[in-house]
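Visitor: Enclosed is the structure file start_27.cif (mmCIF, C-alpha atoms, pLDDT in the B column; chains and numbers go by the auth columns).
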data_target
loop_
_atom_site.group_PDB
_atom_site.id
_atom_site.type_symbol
_atom_site.label_atom_id
_atom_site.label_comp_id
_atom_site.label_asym_id
_atom_site.label_seq_id
_atom_site.Cartn_x
_atom_site.Cartn_y
_atom_site.Cartn_z
_atom_site.B_iso_or_equiv
_atom_site.auth_seq_id
_atom_site.auth_asym_id
ATOM 1 C CA ASP A 1 -20.934 29.699 55.197 75.00 1 M
ATOM 2 C CA LEU A 2 -18.569 29.536 52.249 76.00 2 M
ATOM 3 C CA ASP A 3 -20.577 27.705 49.568 71.00 3 M
ATOM 4 C CA ASP A 4 -23.404 29.808 48.177 70.00 4 M
ATOM 5 C CA PRO A 5 -23.468 32.732 50.641 72.00 5 M
ATOM 6 C CA LEU A 6 -19.872 33.814 49.853 81.00 6 M
ATOM 7 C CA ALA A 7 -19.107 31.943 46.633 80.00 7 M
ATOM 8 C CA VAL A 8 -20.746 29.691 44.122 75.00 8 M
ATOM 9 C CA SER A 9 -20.289 26.141 45.402 77.00 9 M
ATOM 10 C CA LYS A 10 -16.682 24.969 44.942 76.00 10 M
ATOM 11 C CA ALA A 11 -15.675 28.306 43.324 81.00 11 M
ATOM 12 C CA ALA A 12 -13.346 31.026 44.607 88.00 12 M
ATOM 13 C CA ILE A 13 -14.778 34.164 46.158 91.00 13 M
ATOM 14 C CA THR A 14 -15.174 36.960 43.626 93.00 14 M
ATOM 15 C CA PRO A 15 -13.036 40.121 43.701 94.00 15 M
ATOM 16 C CA ARG A 16 -16.091 42.004 45.037 94.00 16 M
ATOM 17 C CA ILE A 17 -16.558 39.552 47.925 94.00 17 M
ATOM 18 C CA ALA A 18 -12.802 39.633 48.626 94.00 18 M
ATOM 19 C CA ALA A 19 -12.914 43.456 48.833 95.00 19 M
ATOM 20 C CA LEU A 20 -15.957 43.350 51.129 95.00 20 M
ATOM 21 C CA LEU A 21 -14.295 40.728 53.312 95.00 21 M
ATOM 22 C CA ARG A 22 -11.138 42.870 53.565 95.00 22 M
ATOM 23 C CA ALA A 23 -13.255 45.874 54.620 95.00 23 M
ATOM 24 C CA LEU A 24 -15.078 43.787 57.221 96.00 24 M
ATOM 25 C CA LEU A 25 -11.806 42.391 58.601 96.00 25 M
ATOM 26 C CA ARG A 26 -10.563 45.926 59.229 95.00 26 M
ATOM 27 C CA THR A 27 -13.279 46.338 61.893 96.00 27 M
ATOM 28 C CA VAL A 28 -14.416 42.950 63.278 97.00 28 M
ATOM 29 C CA ASP A 29 -13.480 39.303 63.576 96.00 29 M
ATOM 30 C CA VAL A 30 -15.003 37.122 60.859 96.00 30 M
ATOM 31 C CA ALA A 31 -15.567 33.366 61.007 95.00 31 M
ATOM 32 C CA ILE A 32 -16.287 31.289 57.929 94.00 32 M
ATOM 33 C CA ILE A 33 -17.495 27.732 58.445 92.00 33 M
ATOM 34 C CA SER A 34 -18.393 25.223 55.785 91.00 34 M
ATOM 35 C CA GLY A 35 -18.434 21.541 54.990 90.00 35 M
ATOM 36 C CA GLY A 36 -15.637 22.107 52.488 88.00 36 M
ATOM 37 C CA ASN A 37 -12.153 20.874 53.276 90.00 37 M
ATOM 38 C CA GLU A 38 -9.051 22.868 54.155 90.00 38 M
ATOM 39 C CA THR A 39 -7.765 22.779 50.570 91.00 39 M
ATOM 40 C CA GLN A 40 -10.979 24.440 49.382 90.00 40 M
ATOM 41 C CA PHE A 41 -10.654 27.196 52.012 90.00 41 M
ATOM 42 C CA ARG A 42 -7.060 27.827 50.988 90.00 42 M
ATOM 43 C CA SER A 43 -7.900 28.109 47.279 92.00 43 M
ATOM 44 C CA GLN A 44 -11.342 29.709 47.524 91.00 44 M
ATOM 45 C CA VAL A 45 -10.644 32.272 50.261 92.00 45 M
ATOM 46 C CA ILE A 46 -7.052 32.629 51.442 92.00 46 M
ATOM 47 C CA ALA A 47 -5.575 32.769 47.933 92.00 47 M
ATOM 48 C CA ARG A 48 -8.016 35.586 47.076 94.00 48 M
ATOM 49 C CA LEU A 49 -6.965 37.736 50.033 92.00 49 M
ATOM 50 C CA ASP A 50 -3.325 38.199 49.069 86.00 50 M
ATOM 51 C CA GLY A 51 -2.148 41.696 49.889 87.00 51 M
ATOM 52 C CA THR A 52 -4.400 41.892 52.953 92.00 52 M
ATOM 53 C CA ASP A 53 -2.715 43.314 56.059 92.00 53 M
ATOM 54 C CA ALA A 54 -1.538 40.606 58.503 92.00 54 M
ATOM 55 C CA ALA A 55 -3.325 42.350 61.401 93.00 55 M
ATOM 56 C CA ASP A 56 -6.584 42.168 59.446 95.00 56 M
ATOM 57 C CA LEU A 57 -5.983 38.515 58.523 94.00 57 M
ATOM 58 C CA ALA A 58 -5.513 37.774 62.235 94.00 58 M
ATOM 59 C CA ARG A 59 -9.249 38.544 62.588 95.00 59 M
ATOM 60 C CA LEU A 60 -10.164 35.803 60.115 95.00 60 M
ATOM 61 C CA HIS A 61 -11.261 32.475 61.609 96.00 61 M
ATOM 62 C CA LEU A 62 -11.632 29.614 59.123 95.00 62 M
ATOM 63 C CA LEU A 63 -13.473 26.433 60.096 95.00 63 M
ATOM 64 C CA PRO A 64 -13.438 23.863 57.289 93.00 64 M
ATOM 65 C CA THR A 65 -15.114 20.466 57.454 92.00 65 M
ATOM 66 C CA CYS A 66 -17.934 21.848 59.611 91.00 66 M
ATOM 67 C CA GLY A 67 -15.573 23.093 62.291 92.00 67 M
ATOM 68 C CA THR A 68 -13.534 19.940 62.782 94.00 68 M
ATOM 69 C CA ARG A 69 -10.520 22.071 61.763 94.00 69 M
ATOM 70 C CA TYR A 70 -9.630 25.629 62.741 96.00 70 M
ATOM 71 C CA LEU A 71 -7.226 27.851 60.807 95.00 71 M
ATOM 72 C CA ARG A 72 -5.884 31.290 61.803 95.00 72 M
ATOM 73 C CA HIS A 73 -3.312 33.627 60.367 91.00 73 M
ATOM 74 C CA ASP A 74 -0.132 33.440 62.442 90.00 74 M
ATOM 75 C CA GLY A 75 1.633 36.473 60.968 83.00 75 M
ATOM 76 C CA SER A 76 3.116 34.642 58.019 85.00 76 M
ATOM 77 C CA GLY A 77 0.304 32.402 56.810 86.00 77 M
ATOM 78 C CA CYS A 78 -2.788 30.473 57.794 89.00 78 M
ATOM 79 C CA ALA A 79 -1.847 27.792 60.276 92.00 79 M
ATOM 80 C CA THR A 80 -3.893 24.965 61.728 93.00 80 M
ATOM 81 C CA VAL A 81 -4.932 25.685 65.321 95.00 81 M
ATOM 82 C CA TYR A 82 -6.600 22.298 65.675 96.00 82 M
ATOM 83 C CA ALA A 83 -7.708 19.360 63.540 94.00 83 M
ATOM 84 C CA HIS A 84 -10.104 16.768 64.918 95.00 84 M
ATOM 85 C CA ASP A 85 -9.765 14.136 62.228 92.00 85 M
ATOM 86 C CA LEU A 86 -11.256 10.677 62.460 92.00 86 M
ATOM 87 C CA SER A 87 -8.951 7.700 62.361 95.00 87 M
ATOM 88 C CA ASP A 88 -9.394 5.158 59.567 96.00 88 M
ATOM 89 C CA ASP A 89 -11.063 2.791 62.072 97.00 89 M
ATOM 90 C CA GLU A 90 -13.477 5.523 63.187 96.00 90 M
ATOM 91 C CA LYS A 91 -14.376 6.335 59.571 94.00 91 M
ATOM 92 C CA THR A 92 -14.959 2.654 58.782 97.00 92 M
ATOM 93 C CA SER A 93 -17.126 2.194 61.895 97.00 93 M
ATOM 94 C CA ALA A 94 -19.179 5.321 61.179 96.00 94 M
ATOM 95 C CA LEU A 95 -19.818 4.331 57.563 95.00 95 M
ATOM 96 C CA ALA A 96 -20.740 0.784 58.593 97.00 96 M
ATOM 97 C CA ALA A 97 -23.215 2.082 61.192 97.00 97 M
ATOM 98 C CA LEU A 98 -24.724 4.511 58.675 95.00 98 M
ATOM 99 C CA ARG A 99 -25.148 1.828 56.043 95.00 99 M
ATOM 100 C CA GLU A 100 -26.556 -0.698 58.538 96.00 100 M
ATOM 101 C CA GLU A 101 -29.212 1.725 59.794 97.00 101 M
ATOM 102 C CA ALA A 102 -30.080 3.008 56.304 95.00 102 M
ATOM 103 C CA GLU A 103 -30.534 -0.578 55.119 96.00 103 M
ATOM 104 C CA ARG A 104 -32.677 -1.397 58.170 96.00 104 M
ATOM 105 C CA LEU A 105 -34.912 1.588 57.361 97.00 105 M
ATOM 106 C CA GLY A 106 -35.057 0.705 53.681 94.00 106 M
ATOM 107 C CA LEU A 107 -33.277 3.943 52.740 94.00 107 M
ATOM 108 C CA TRP A 108 -29.991 2.551 51.432 93.00 108 M
ATOM 109 C CA GLU A 109 -29.456 2.994 47.711 91.00 109 M
ATOM 110 C CA ALA A 110 -26.863 0.579 46.334 85.00 110 M
ATOM 111 C CA GLU A 111 -26.281 2.669 43.181 86.00 111 M
ATOM 112 C CA PRO A 112 -26.928 6.330 44.071 83.00 112 M
ATOM 113 C CA TRP A 113 -25.660 7.731 40.764 79.00 113 M
ATOM 114 C CA GLY A 114 -27.237 8.177 37.358 67.00 114 M
#
Here is a file; write its structure as structure tokens.

Guide:
Amino acid sequence: DLDDPLAVSKAAITPRIAALLRALLRTVDVAIISGGNETQFRSQVIARLDGTDAADLARLHLLPTCGTRYLRHDGSGCATVYAHDLSDDEKTSALAALREEAERLGLWEAEPWG
């Protein structure tokens, strides 16, 4: 997981973690999965591994948004292998179903901030 095990939530990995990750990538494949989006992975992880050998980066498997996307190094950069994104209609339907059931259970909070 990216947030908290590897980095403070929403922060880049530290130089120490980057060095440890580089060492690990020299010997085994490594997969990092998190709820964070692809942009977060690119800034929090990939940007901190500059200078890492391309063969080592090929062992890095990045799965943002809880695995609905998959990124791998293709020799020149991290490329998207797949992206299972919801359509706008699917997002609207899912949110409507969530709200409807939460309201039915008395769990919906109209103003969840503050």

Visitor: Using all atoms listed in the file, which residue out of M:Ala102, M:Ala83, M:Ala110, M:Ile17 lies closest to Glu38 (chain M)?

Guide: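 Smallest separation from Glu38 (chain M) among the options: M:Ala83.
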
Visitor: Report as a PDB file with C-alpha atoms, in the coordinates of the input all protein, DNA and RNA residues lying within 9 Å of Thr80 (chain M), evaluated on all atoms listed in the file, omitting residues in the same chain fewer than 6 positions from it.

Guide:
ATOM      1  CA  ARG M  69     -10.520  22.071  61.763  1.00 94.00           C
ATOM      2  CA  TYR M  70      -9.630  25.629  62.741  1.00 96.00           C
ATOM      3  CA  LEU M  71      -7.226  27.851  60.807  1.00 95.00           C
ATOM      4  CA  ARG M  72      -5.884  31.290  61.803  1.00 95.00           C
ATOM      5  CA  HIS M  73      -3.312  33.627  60.367  1.00 91.00           C
TER       6      HIS M  73
END

Visitor: Using the chain letters and numbering of this document, enumerate as a list of chain:residue names the residues selected by the PyMOL selection byres ((chain M and resi 33) around 8).

Guide: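 Output of the PyMOL selection byres ((chain M and resi 33) around 8): M:Asp1, M:Leu2, M:Ala31, M:Ile32, M:Ser34, M:Gly35, M:Leu62, M:Leu63, M:Pro64, M:Thr65, M:Cys66, M:Gly67.
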
Visitor: When distances are computed from only C-alpha atoms, which of M:Pro15, M:Cys78, M:Asp29, M:His61 shows the smallest separation from Ile46 (chain M)?

Guide: M:Cys78

Visitor: Considering all atoms listed in the file, can you say which of M:Thr68, M:Thr52, M:Thr39, M:Gln44 comes closest to Ala23 (chain M)?

Guide: M:Thr52

Visitor: Given the point (3.0, 37.6, 58.3) in the file's coordinates, find the residues that have an atom at most 9 Å from it, counting only C-alpha atoms, and give them as a PyMOL selection string.

Guide: chain M and resi 53-55+73-77

Visitor: Within 12 Å of (-17.9, 31.3, 43.9), in the coordinates the file gives, what residues turn up when you count only C-alpha atoms, written out as an MDAnalysis selection string?

Guide: chainID M and resid 1:18 40:41 43:45 48

Visitor: Nearest residue to Ala79 (chain M) out of M:Lys91, M:Arg99, M:Arg104, M:Arg42, using all atoms listed in the file?

Guide: M:Arg42

Visitor: Using only C-alpha atoms, which residue out of M:Leu21, M:Leu86, M:Val81, M:Ala47 lies closest to Leu60 (chain M)?

Guide: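 Distance minimum relative to Leu60 (chain M) lands on M:Leu21.
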